[in-house]
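Participant: So here's final28.cif (mmCIF, C-alpha atoms).
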data_work
#
loop_
_atom_site.group_PDB
_atom_site.id
_atom_site.type_symbol
_atom_site.label_atom_id
_atom_site.label_comp_id
_atom_site.auth_asym_id
_atom_site.auth_seq_id
_atom_site.Cartn_x
_atom_site.Cartn_y
_atom_site.Cartn_z
ATOM 1 C CA MET A 1 -33.432 -0.618 3.577
ATOM 2 C CA PHE A 2 -35.992 1.780 2.051
ATOM 3 C CA LEU A 3 -33.170 4.141 1.026
ATOM 4 C CA THR A 4 -31.366 1.283 -0.699
ATOM 5 C CA LEU A 5 -34.464 0.186 -2.638
ATOM 6 C CA ALA A 6 -35.284 3.749 -3.649
ATOM 7 C CA LEU A 7 -31.821 4.536 -4.985
ATOM 8 C CA THR A 8 -31.659 1.183 -6.762
ATOM 9 C CA ALA A 9 -35.011 1.800 -8.464
ATOM 10 C CA VAL A 10 -34.024 5.316 -9.579
ATOM 11 C CA LEU A 11 -30.758 4.132 -11.081
ATOM 12 C CA ALA A 12 -32.452 1.234 -12.828
ATOM 13 C CA GLN A 13 -35.229 3.399 -14.249
ATOM 14 C CA SER A 14 -32.892 6.153 -15.492
ATOM 15 C CA ASP A 15 -30.594 3.727 -17.247
ATOM 16 C CA ALA A 16 -33.520 1.745 -18.606
ATOM 17 C CA ALA A 17 -34.959 4.934 -20.070
ATOM 18 C CA ALA A 18 -31.631 5.692 -21.694
ATOM 19 C CA ALA A 19 -31.522 2.185 -23.029
ATOM 20 C CA ALA A 20 -34.927 2.663 -24.686
ATOM 21 C CA THR A 21 -33.677 5.736 -26.560
ATOM 22 C CA VAL A 22 -32.027 4.210 -29.595
ATOM 23 C CA PRO A 23 -31.832 5.496 -33.162
ATOM 24 C CA ALA A 24 -35.006 4.754 -35.140
ATOM 25 C CA GLU A 25 -33.133 3.854 -38.346
ATOM 26 C CA LEU A 26 -31.628 0.697 -36.743
ATOM 27 C CA SER A 27 -33.237 -2.632 -37.354
ATOM 28 C CA ALA A 28 -35.440 -4.172 -34.728
ATOM 29 C CA THR A 29 -32.763 -6.760 -33.949
ATOM 30 C CA ASP A 30 -30.051 -4.113 -33.456
ATOM 31 C CA ARG A 31 -32.332 -2.043 -31.257
ATOM 32 C CA THR A 32 -33.102 -5.087 -29.148
ATOM 33 C CA VAL A 33 -29.387 -5.915 -28.690
ATOM 34 C CA ILE A 34 -28.474 -2.324 -27.746
ATOM 35 C CA ALA A 35 -31.377 -2.066 -25.338
ATOM 36 C CA ALA A 36 -30.386 -5.355 -23.676
ATOM 37 C CA GLU A 37 -26.766 -4.229 -23.261
ATOM 38 C CA LYS A 38 -27.790 -0.930 -21.678
ATOM 39 C CA ALA A 39 -30.279 -2.654 -19.421
ATOM 40 C CA ALA A 40 -27.565 -5.051 -18.216
ATOM 41 C CA ALA A 41 -25.223 -2.112 -17.544
ATOM 42 C CA ALA A 42 -27.968 -0.343 -15.627
ATOM 43 C CA ALA A 43 -28.621 -3.426 -13.515
ATOM 44 C CA GLU A 44 -24.884 -3.731 -12.735
ATOM 45 C CA LYS A 45 -24.657 -0.086 -11.640
ATOM 46 C CA ALA A 46 -27.736 -0.507 -9.465
ATOM 47 C CA ALA A 47 -26.217 -3.570 -7.799
ATOM 48 C CA GLU A 48 -22.946 -1.710 -7.130
ATOM 49 C CA ALA A 49 -24.834 1.232 -5.616
ATOM 50 C CA ALA A 50 -26.841 -1.096 -3.390
ATOM 51 C CA LEU A 51 -23.656 -2.819 -2.221
ATOM 52 C CA ARG A 52 -21.965 0.494 -1.380
ATOM 53 C CA ILE A 53 -24.988 1.630 0.609
ATOM 54 C CA ALA A 54 -25.185 -1.709 2.434
ATOM 55 C CA ASP A 55 -21.506 -1.532 3.379
ATOM 56 C CA PHE A 56 -21.961 2.019 4.668
ATOM 57 C CA VAL A 57 -25.113 1.286 6.671
ATOM 58 C CA ALA A 58 -24.138 -2.180 7.931
ATOM 59 C CA PRO A 59 -20.451 -3.186 7.550
ATOM 60 C CA THR A 60 -19.761 -6.863 6.958
ATOM 61 C CA ALA A 61 -18.930 -9.174 9.831
ATOM 62 C CA ALA A 62 -15.341 -9.540 8.578
ATOM 63 C CA THR A 63 -14.863 -5.767 8.603
ATOM 64 C CA LYS A 64 -16.261 -5.512 12.127
ATOM 65 C CA ALA A 65 -13.998 -8.325 13.347
ATOM 66 C CA GLU A 66 -10.929 -6.665 11.811
ATOM 67 C CA ASP A 67 -11.764 -3.275 13.356
ATOM 68 C CA LYS A 68 -12.343 -4.921 16.729
ATOM 69 C CA LYS A 69 -8.976 -6.678 16.473
ATOM 70 C CA LYS A 70 -7.177 -3.428 15.640
ATOM 71 C CA GLU A 71 -8.784 -1.619 18.585
ATOM 72 C CA GLY A 72 -8.265 -4.396 21.141
ATOM 73 C CA TRP A 73 -5.674 -4.554 23.910
ATOM 74 C CA ILE A 74 -2.361 -6.280 23.228
ATOM 75 C CA GLY A 75 0.466 -6.881 25.660
ATOM 76 C CA ASN A 76 2.764 -9.328 27.381
ATOM 77 C CA LEU A 77 3.846 -10.652 30.761
ATOM 78 C CA GLY A 78 7.459 -11.620 31.415
ATOM 79 C CA VAL A 79 9.292 -13.308 34.271
ATOM 80 C CA GLY A 80 12.921 -14.229 34.921
ATOM 81 C CA LEU A 81 14.381 -16.270 37.769
ATOM 82 C CA THR A 82 17.992 -16.989 38.755
ATOM 83 C CA PHE A 83 18.821 -19.384 41.606
ATOM 84 C CA ILE A 84 22.347 -20.442 42.575
ATOM 85 C CA THR A 85 23.192 -22.760 45.469
ATOM 86 C CA GLY A 86 26.308 -24.522 46.775
ATOM 87 C CA ASN A 87 29.089 -22.498 48.356
ATOM 88 C CA SER A 88 26.839 -19.454 48.019
ATOM 89 C CA GLN A 89 23.147 -18.879 47.538
ATOM 90 C CA THR A 90 21.677 -16.290 45.207
ATOM 91 C CA LEU A 91 18.073 -15.721 44.217
ATOM 92 C CA THR A 92 17.044 -13.005 41.751
ATOM 93 C CA LEU A 93 13.522 -12.515 40.424
ATOM 94 C CA THR A 94 12.577 -10.082 37.652
ATOM 95 C CA GLY A 95 9.177 -9.322 36.202
ATOM 96 C CA SER A 96 7.630 -7.092 33.551
ATOM 97 C CA ALA A 97 4.235 -6.359 32.056
ATOM 98 C CA SER A 98 2.929 -4.143 29.274
ATOM 99 C CA ALA A 99 -0.438 -3.386 27.695
ATOM 100 C CA ASP A 100 -1.245 -1.219 24.657
ATOM 101 C CA ARG A 101 -4.361 -0.183 22.801
ATOM 102 C CA LYS A 102 -4.746 1.853 19.586
ATOM 103 C CA TRP A 103 -7.639 3.698 18.035
ATOM 104 C CA LYS A 104 -7.580 5.670 14.785
ATOM 105 C CA VAL A 105 -5.312 8.490 15.987
ATOM 106 C CA TRP A 106 -5.078 7.712 19.693
ATOM 107 C CA ALA A 107 -2.955 5.188 21.588
ATOM 108 C CA ILE A 108 -2.396 4.371 25.246
ATOM 109 C CA GLY A 109 0.245 2.163 26.839
ATOM 110 C CA ALA A 110 1.140 1.006 30.347
ATOM 111 C CA ARG A 111 4.437 -0.467 31.580
ATOM 112 C CA LEU A 112 5.462 -2.252 34.790
ATOM 113 C CA ASN A 113 8.805 -3.831 35.680
ATOM 114 C CA GLY A 114 10.842 -4.682 38.728
ATOM 115 C CA ALA A 115 13.542 -6.857 40.275
ATOM 116 C CA TYR A 116 14.278 -8.352 43.675
ATOM 117 C CA GLY A 117 17.453 -10.234 44.627
ATOM 118 C CA LEU A 118 18.982 -11.846 47.721
ATOM 119 C CA THR A 119 22.379 -13.459 48.286
ATOM 120 C CA ASN A 120 24.220 -15.346 51.010
ATOM 121 C CA PRO A 121 27.946 -15.293 50.103
ATOM 122 C CA ASP A 122 28.864 -18.257 52.335
ATOM 123 C CA THR A 123 26.371 -21.014 53.151
ATOM 124 C CA ASN A 124 28.853 -22.657 55.561
ATOM 125 C CA ALA A 125 28.901 -19.632 57.828
ATOM 126 C CA THR A 126 26.341 -17.561 59.637
ATOM 127 C CA ALA A 127 26.755 -14.572 57.329
ATOM 128 C CA ALA A 128 23.599 -12.554 56.994
ATOM 129 C CA THR A 129 21.707 -12.637 53.730
ATOM 130 C CA SER A 130 22.041 -9.364 51.846
ATOM 131 C CA THR A 131 19.847 -7.702 49.241
ATOM 132 C CA THR A 132 21.278 -7.379 45.741
ATOM 133 C CA ALA A 133 18.317 -5.832 43.910
ATOM 134 C CA ARG A 134 15.174 -3.959 44.930
ATOM 135 C CA ARG A 135 13.684 -1.754 42.251
ATOM 136 C CA ALA A 136 10.429 -1.211 40.384
ATOM 137 C CA SER A 137 8.831 1.257 37.979
ATOM 138 C CA ALA A 138 5.422 1.964 36.463
ATOM 139 C CA SER A 139 4.318 4.372 33.729
ATOM 140 C CA VAL A 140 1.301 5.253 31.576
ATOM 141 C CA ARG A 141 1.555 7.057 28.223
ATOM 142 C CA ALA A 142 -1.103 8.509 25.883
ATOM 143 C CA ASP A 143 -0.328 9.479 22.248
ATOM 144 C CA ARG A 144 -2.202 11.481 19.626
ATOM 145 C CA SER A 145 -0.780 10.906 16.127
ATOM 146 C CA PHE A 146 -0.785 13.087 12.991
ATOM 147 C CA GLY A 147 0.197 12.654 9.344
ATOM 148 C CA GLU A 148 -0.543 8.918 9.059
ATOM 149 C CA SER A 149 1.207 8.286 12.394
ATOM 150 C CA PHE A 150 4.515 9.858 11.342
ATOM 151 C CA ALA A 151 4.339 12.444 14.138
ATOM 152 C CA ALA A 152 2.640 12.372 17.531
ATOM 153 C CA ILE A 153 2.358 14.366 20.720
ATOM 154 C CA TYR A 154 2.219 12.498 23.996
ATOM 155 C CA VAL A 155 1.906 12.850 27.744
ATOM 156 C CA GLN A 156 3.422 10.373 30.174
ATOM 157 C CA VAL A 157 3.318 9.931 33.949
ATOM 158 C CA GLY A 158 5.214 7.441 36.070
ATOM 159 C CA SER A 159 6.903 6.509 39.310
ATOM 160 C CA GLU A 160 9.902 4.369 40.268
ATOM 161 C CA PHE A 161 12.352 3.473 43.015
ATOM 162 C CA ASP A 162 15.786 1.849 43.201
ATOM 163 C CA HIS A 163 16.821 1.224 46.783
ATOM 164 C CA MET A 164 20.251 -0.115 45.816
ATOM 165 C CA LYS A 165 21.055 3.324 44.376
ATOM 166 C CA ASN A 166 19.569 5.224 47.349
ATOM 167 C CA VAL A 167 16.582 6.414 45.287
ATOM 168 C CA GLU A 168 13.619 6.155 47.639
ATOM 169 C CA SER A 169 11.112 7.375 45.047
ATOM 170 C CA ARG A 170 11.019 9.279 41.794
ATOM 171 C CA THR A 171 7.761 10.595 40.312
ATOM 172 C CA MET A 172 7.571 12.385 37.005
ATOM 173 C CA GLY A 173 5.359 13.866 34.324
ATOM 174 C CA GLU A 174 6.433 14.346 30.728
ATOM 175 C CA LEU A 175 5.159 16.166 27.648
ATOM 176 C CA GLY A 176 6.775 15.572 24.292
ATOM 177 C CA ALA A 177 6.640 14.661 20.618
ATOM 178 C CA GLY A 178 7.412 11.412 18.860
ATOM 179 C CA LEU A 179 8.590 10.918 15.262
ATOM 180 C CA THR A 180 8.270 7.505 13.594
ATOM 181 C CA PHE A 181 10.872 7.101 10.847
ATOM 182 C CA PHE A 182 10.320 3.429 10.021
ATOM 183 C CA ASN A 183 7.177 1.359 10.393
ATOM 184 C CA LYS A 184 7.568 -1.394 7.819
ATOM 185 C CA LYS A 185 5.078 -4.263 7.912
ATOM 186 C CA GLU A 186 4.449 -7.438 5.959
ATOM 187 C CA GLY A 187 0.819 -8.297 6.564
ATOM 188 C CA ASP A 188 0.357 -8.388 10.345
ATOM 189 C CA LEU A 189 4.111 -8.809 10.962
ATOM 190 C CA GLU A 190 6.054 -5.718 12.006
ATOM 191 C CA LYS A 191 9.420 -5.987 10.228
ATOM 192 C CA LEU A 192 11.117 -2.710 11.155
ATOM 193 C CA TYR A 193 10.183 0.097 13.557
ATOM 194 C CA LEU A 194 12.071 3.196 14.704
ATOM 195 C CA ARG A 195 10.656 6.019 16.850
ATOM 196 C CA VAL A 196 12.428 9.032 18.340
ATOM 197 C CA ASP A 197 10.965 10.907 21.335
ATOM 198 C CA LEU A 198 11.905 14.453 22.356
ATOM 199 C CA ALA A 199 10.331 15.715 25.568
ATOM 200 C CA LEU A 200 10.586 17.795 28.723
ATOM 201 C CA ARG A 201 10.299 15.989 32.043
ATOM 202 C CA ALA A 202 9.403 17.423 35.447
ATOM 203 C CA GLY A 203 9.249 15.540 38.714
ATOM 204 C CA TYR A 204 10.397 15.026 42.286
ATOM 205 C CA GLU A 205 12.949 12.602 43.745
ATOM 206 C CA THR A 206 13.461 11.550 47.358
ATOM 207 C CA ARG A 207 16.661 9.814 48.496
ATOM 208 C CA PHE A 208 17.534 7.514 51.396
ATOM 209 C CA GLN A 209 20.300 4.965 52.063
ATOM 210 C CA TYR A 210 18.885 1.486 52.755
ATOM 211 C CA PHE A 211 22.040 -0.658 52.420
ATOM 212 C CA PRO A 212 24.303 -1.630 54.101
ATOM 213 C CA VAL A 213 22.839 0.407 56.982
ATOM 214 C CA ALA A 214 19.917 2.802 57.036
ATOM 215 C CA SER A 215 21.071 6.410 56.803
ATOM 216 C CA SER A 216 19.869 9.762 55.573
ATOM 217 C CA VAL A 217 21.203 11.299 52.374
ATOM 218 C CA THR A 218 22.120 14.918 51.768
ATOM 219 C CA ASP A 219 19.372 16.774 49.902
ATOM 220 C CA TYR A 220 16.572 14.354 50.754
ATOM 221 C CA GLY A 221 14.168 15.810 48.180
ATOM 222 C CA ILE A 222 15.089 17.395 44.840
ATOM 223 C CA VAL A 223 13.014 18.907 42.041
ATOM 224 C CA ILE A 224 13.610 17.453 38.587
ATOM 225 C CA LEU A 225 13.537 19.432 35.346
ATOM 226 C CA ALA A 226 15.173 17.663 32.430
ATOM 227 C CA PRO A 227 14.875 17.241 28.677
ATOM 228 C CA ARG A 228 14.609 13.651 27.462
ATOM 229 C CA ALA A 229 15.685 12.055 24.202
ATOM 230 C CA ALA A 230 14.695 8.429 23.596
ATOM 231 C CA PHE A 231 14.956 5.880 20.801
ATOM 232 C CA THR A 232 12.797 2.788 20.336
ATOM 233 C CA PHE A 233 13.896 0.254 17.718
ATOM 234 C CA ARG A 234 12.318 -3.097 16.821
ATOM 235 C CA TRP A 235 13.435 -5.558 14.163
ATOM 236 C CA ASN A 236 11.791 -8.897 13.409
ATOM 237 C CA PHE A 237 14.251 -11.258 11.741
ATOM 238 C CA ASN A 238 11.221 -13.430 10.953
ATOM 239 C CA LYS A 239 7.854 -14.179 12.545
ATOM 240 C CA ASP A 240 9.537 -16.000 15.458
ATOM 241 C CA VAL A 241 12.582 -13.853 16.402
ATOM 242 C CA ARG A 242 12.519 -10.172 17.383
ATOM 243 C CA LEU A 243 15.167 -7.704 18.583
ATOM 244 C CA THR A 244 14.095 -4.688 20.680
ATOM 245 C CA GLU A 245 16.297 -1.750 21.665
ATOM 246 C CA GLU A 246 15.201 1.070 24.012
ATOM 247 C CA LEU A 247 17.640 3.884 24.834
ATOM 248 C CA GLU A 248 17.073 7.185 26.672
ATOM 249 C CA PHE A 249 19.160 10.180 27.835
ATOM 250 C CA ILE A 250 17.978 12.470 30.671
ATOM 251 C CA PRO A 251 20.251 15.414 31.685
ATOM 252 C CA PHE A 252 19.192 17.331 34.839
ATOM 253 C CA LEU A 253 18.972 21.133 34.666
ATOM 254 C CA LEU A 254 18.405 22.234 38.284
ATOM 255 C CA ALA A 255 20.677 22.465 41.335
ATOM 256 C CA PRO A 256 21.794 20.642 43.416
ATOM 257 C CA THR A 257 21.993 17.986 40.660
ATOM 258 C CA LEU A 258 22.753 20.292 37.725
ATOM 259 C CA GLY A 259 24.685 18.302 35.129
ATOM 260 C CA ARG A 260 23.513 14.904 36.416
ATOM 261 C CA LEU A 261 22.902 12.495 33.530
ATOM 262 C CA LEU A 262 20.753 9.364 33.482
ATOM 263 C CA ILE A 263 21.188 6.850 30.645
ATOM 264 C CA ASN A 264 18.953 3.789 30.462
ATOM 265 C CA ASN A 265 19.340 1.088 27.840
ATOM 266 C CA ASN A 266 17.396 -2.148 27.453
ATOM 267 C CA THR A 267 18.254 -4.664 24.723
ATOM 268 C CA LYS A 268 16.000 -7.707 24.398
ATOM 269 C CA LEU A 269 15.979 -10.710 22.073
ATOM 270 C CA ALA A 270 12.802 -12.799 21.988
ATOM 271 C CA ALA A 271 12.371 -16.173 20.272
ATOM 272 C CA LYS A 272 8.915 -17.728 20.083
ATOM 273 C CA LEU A 273 8.397 -21.196 21.537
ATOM 274 C CA THR A 274 4.676 -21.212 20.749
ATOM 275 C CA GLU A 275 2.255 -18.689 19.265
ATOM 276 C CA ASN A 276 1.926 -16.840 22.605
ATOM 277 C CA LEU A 277 5.049 -17.874 24.546
ATOM 278 C CA ALA A 278 8.627 -16.707 23.909
ATOM 279 C CA LEU A 279 12.066 -17.260 25.413
ATOM 280 C CA THR A 280 13.732 -13.897 26.113
ATOM 281 C CA THR A 281 17.246 -12.674 26.860
ATOM 282 C CA SER A 282 17.712 -9.058 27.907
ATOM 283 C CA VAL A 283 20.534 -6.766 28.998
ATOM 284 C CA LEU A 284 19.525 -3.759 31.119
ATOM 285 C CA ILE A 285 22.046 -0.947 31.685
ATOM 286 C CA ASN A 286 21.337 1.946 34.081
ATOM 287 C CA PHE A 287 23.857 4.784 34.313
ATOM 288 C CA ASP A 288 23.650 7.630 36.857
ATOM 289 C CA SER A 289 26.491 10.162 36.789
ATOM 290 C CA GLN A 290 25.623 11.430 40.294
ATOM 291 C CA PRO A 291 24.031 8.635 42.360
ATOM 292 C CA PRO A 292 22.882 9.820 45.824
ATOM 293 C CA GLU A 293 25.572 9.150 48.448
ATOM 294 C CA GLY A 294 24.827 8.197 52.046
ATOM 295 C CA SER A 295 26.990 7.757 55.133
ATOM 296 C CA GLY A 296 29.473 5.004 55.964
ATOM 297 C CA GLY A 297 31.920 5.782 53.188
ATOM 298 C CA LEU A 298 30.227 3.390 50.742
ATOM 299 C CA LEU A 299 30.264 4.982 47.299
ATOM 300 C CA ARG A 300 27.564 4.011 44.848
ATOM 301 C CA LYS A 301 28.727 2.850 41.450
ATOM 302 C CA ASN A 302 27.589 4.802 38.424
ATOM 303 C CA THR A 303 26.537 1.814 36.304
ATOM 304 C CA ASP A 304 24.342 -1.208 36.976
ATOM 305 C CA VAL A 305 24.103 -4.049 34.435
ATOM 306 C CA ALA A 306 21.549 -6.870 34.599
ATOM 307 C CA LEU A 307 21.471 -9.900 32.291
ATOM 308 C CA THR A 308 18.183 -11.775 32.431
ATOM 309 C CA VAL A 309 16.876 -14.921 30.750
ATOM 310 C CA GLY A 310 13.169 -15.555 31.092
ATOM 311 C CA LEU A 311 9.814 -16.324 29.522
ATOM 312 C CA GLU A 312 7.309 -13.896 28.038
ATOM 313 C CA ALA A 313 3.627 -14.578 27.380
ATOM 314 C CA SER A 314 1.712 -12.357 24.935
ATOM 315 C CA PHE A 315 -2.024 -11.699 24.774
#
Give the structure from the file, written as structure tokens.

Facilitator:
Amino acid sequence: MFLTLALTAVLAQSDAAAAATVPAELSATDRTVIAAEKAAAAAEKAAEAALRIADFVAPTAATKAEDKKKEGWIGNLGVGLTFITGNSQTLTLTGSASADRKWKVWAIGARLNGAYGLTNPDTNATAATSTTARRASASVRADRSFGESFAAIYVQVGSEFDHMKNVESRTMGELGAGLTFFNKKEGDLEKLYLRVDLALRAGYETRFQYFPVASSVTDYGIVILAPRAAFTFRWNFNKDVRLTEELEFIPFLLAPTLGRLLINNNTKLAAKLTENLALTTSVLINFDSQPPEGSGGLLRKNTDVALTVGLEASF
């Protein structure tokens, strides 16, 4: 406060002094008009200086609210449920959750998703209920951006399992760089977004056959070293409809799975029902060129496809 008053007084006095210095040959009326104009200009400059100092020392409430909004957590929770009954019974439940927070050059994000499914192929018989899906994954990622968020370096850690594909567990750590090619916005609405990630992943995978009978798998534990290329694309048709595409390629570099390739693709269309609730349709494709094989002569398929319709709540 004292600094503001002092600077305001100095500016006012200096400009007032300049205003008093007018040519002597002018009439008294002209001198009065010139002095008044300069005094008004001095007062305006002093007011502007005081406002700049006030904004620096104590930002306005609107500015604080906007900064708090930008640095708050945002995320969503999604659930999907499929139930079929009659000649057969099938129940499949899927769930997902995400949370993100951004600072000036830092960002952190967490992801969770999973699925569980059961089926009884013949309700008129005593056939045993079998499992059709049992998988889950979790990851946390931290980014540090450069060049107005065009480029970033990031570190990511995560863990997952997919018992239908004989993957008992898979843990990993990843270090890489991300390049954002499109980040078009209209106000608060993100219209178009495209990011490419290039990274090196290291981890450890354990394998075990759970279905149809429990059995060990050759090479129970393997070390993972693999480059990773990923693409994240988002397009908002309007404020209520959004398309999201996530695609990644992970080729393995170490024996005994040298040449193994994982491809994961998730396409999701979300349509808002209310401000914070959306109806979603997603197609998840998981490809594994060398799925772990157990005993019993049952070969695992390379590709799994899941179509899910559900609800998603944002916060």

Participant: List the residues matched by the PyMOL selection byres ((chain A and resi 256) around 9) in the displayed structure as a PDB file with C-alpha atoms, in the coordinates of the input, ordered by chain and then by residue number.

Facilitator:
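Written out: result.pdb:
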ATOM      1  CA  ASP A 219      19.372  16.774  49.902  1.00  0.00           C
ATOM      2  CA  ILE A 222      15.089  17.395  44.840  1.00  0.00           C
ATOM      3  CA  LEU A 254      18.405  22.234  38.284  1.00  0.00           C
ATOM      4  CA  ALA A 255      20.677  22.465  41.335  1.00  0.00           C
ATOM      5  CA  THR A 257      21.993  17.986  40.660  1.00  0.00           C
ATOM      6  CA  LEU A 258      22.753  20.292  37.725  1.00  0.00           C
TER       7      LEU A 258
END

Participant: Applied to this file, what does the PyMOL selection byres ((chain A and resi 212) around 10) return in terms of residues, put as a compact mmCIF listing (two decimals) with C-alpha atoms, keeping the file's coordinate frame?

Facilitator:
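For reference, expr_23.txt as written:
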# COMPACT_ATOMS: atom_id res chain seq x y z
CA SER A 130 22.04 -9.36 51.85
CA THR A 131 19.85 -7.70 49.24
CA MET A 164 20.25 -0.12 45.82
CA GLN A 209 20.30 4.96 52.06
CA TYR A 210 18.89 1.49 52.76
CA PHE A 211 22.04 -0.66 52.42
CA VAL A 213 22.84 0.41 56.98
CA ALA A 214 19.92 2.80 57.04
CA SER A 215 21.07 6.41 56.80
CA SER A 295 26.99 7.76 55.13
CA GLY A 296 29.47 5.00 55.96
CA LEU A 298 30.23 3.39 50.74

Participant: Rounded to one decimal place, report the CA of Leu284 (chain A)-CA of Lys268 (chain A) distance in Å.

Facilitator: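 Computed distance, CA of Leu284 (chain A) to CA of Lys268 (chain A), equals 8.6 Å.
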
Participant: Any idea what the distance is between CA of Phe150 (chain A) and CA of Asp197 (chain A)?

Facilitator: 11.9 Å

Participant: Calculated over only C-alpha atoms, which of the candidates A:Ala270, A:Leu299, A:Leu175, A:Leu189 has the smallest distance to Ala229 (chain A)?

Facilitator: A:Leu175

Participant: In terms of the shortest atom-to-atom distance over only C-alpha atoms, which of A:Ser139, A:Asn236, A:Thr82, A:Ser169 is closest to Ser98 (chain A)?

Facilitator: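 Residue with the minimum atom-to-atom distance to Ser98 (chain A): A:Ser139.
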
Participant: If we count only C-alpha atoms, what is near Phe208 (chain A) at a cut-off of 8 Å, once residues fewer than 4 positions away on the same chain are taken out, given as an mmCIF file with C-alpha atoms, keeping the file's coordinate frame?

Facilitator:
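Dumped everything to part_20.cif:
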data_model
loop_
_atom_site.group_PDB
_atom_site.id
_atom_site.type_symbol
_atom_site.label_atom_id
_atom_site.label_comp_id
_atom_site.auth_asym_id
_atom_site.auth_seq_id
_atom_site.Cartn_x
_atom_site.Cartn_y
_atom_site.Cartn_z
ATOM 1 C CA HIS A 163 16.821 1.224 46.783
ATOM 2 C CA ASN A 166 19.569 5.224 47.349
ATOM 3 C CA VAL A 167 16.582 6.414 45.287
ATOM 4 C CA GLU A 168 13.619 6.155 47.639
ATOM 5 C CA ALA A 214 19.917 2.802 57.036
ATOM 6 C CA SER A 215 21.071 6.410 56.803
ATOM 7 C CA SER A 216 19.869 9.762 55.573
ATOM 8 C CA VAL A 217 21.203 11.299 52.374
ATOM 9 C CA TYR A 220 16.572 14.354 50.754
ATOM 10 C CA GLY A 294 24.827 8.197 52.046
#

Participant: From the set A:Val241, A:Leu91, A:Ala152, A:Val223, which residue has the shortest atom-to-atom contact distance to Ala133 (chain A), counting all atoms listed in the file?

Facilitator: A:Leu91

Participant: Name the residues captured by the PyMOL selection byres ((chain A and resi 302) around 8) when it is applied to the shown file; answer as a VMD selection string.

Facilitator: chain A and resid 287 to 291 300 to 301 303 to 304

Participant: Using Å and a single decimal, report how far CA of Arg144 (chain A) sits from CA of Leu262 (chain A).

Facilitator: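 Straight-line distance from CA of Leu262 (chain A) to CA of Arg144 (chain A) works out to 26.9 Å.
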
Participant: Of the candidates A:Gly203, A:Gly114, A:Gly310, A:Pro121, which one gets nearest to Gly158 (chain A) if we count only C-alpha atoms?

Facilitator: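 The closest residue to Gly158 (chain A) is A:Gly203.
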
Participant: Considering all atoms listed in the file, can you say which of A:Thr218, A:Thr267, A:Thr119, A:Ser149 comes closest to Ser88 (chain A)?

Facilitator: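 Between A:Thr218, A:Thr267, A:Thr119, A:Ser149, the residue approaching Ser88 (chain A) most closely is A:Thr119.
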
Participant: Report the centre and edge lengths, in Å to one decimal, of an axis-aligned box enclosing every atom of region 267-272 of chain A listed in the file, padded by 8 Å on each side, as lines of an AutoDock Vina configuration file.

Facilitator:
center_x = 13.6
center_y = -11.2
center_z = 22.4
size_x = 25.3
size_y = 29.1
size_z = 20.6

Participant: Kindly indicate which residue among A:Gly259, A:Gly147, A:Thr90, A:Thr274 lies nearest to Asn120 (chain A), using all atoms listed in the file for the distances.

Facilitator: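 Distance minimum relative to Asn120 (chain A) lands on A:Thr90.
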
Participant: Kindly extract all protein, DNA and RNA residues lying within 6 Å of the coordinates (10.3, 2.5, 18.6) given in the file, considering only C-alpha atoms, and supply them as a PyMOL selection string.

Facilitator: chain A and resi 193-195+232-233

Participant: Which polymer residues have any atom within 9 Å of an atom of Leu277 (chain A), counting only C-alpha atoms, with same-chain residues fewer than 2 positions away left out, as a PyMOL selection string?

Facilitator: chain A and resi 271-275+279+311-314
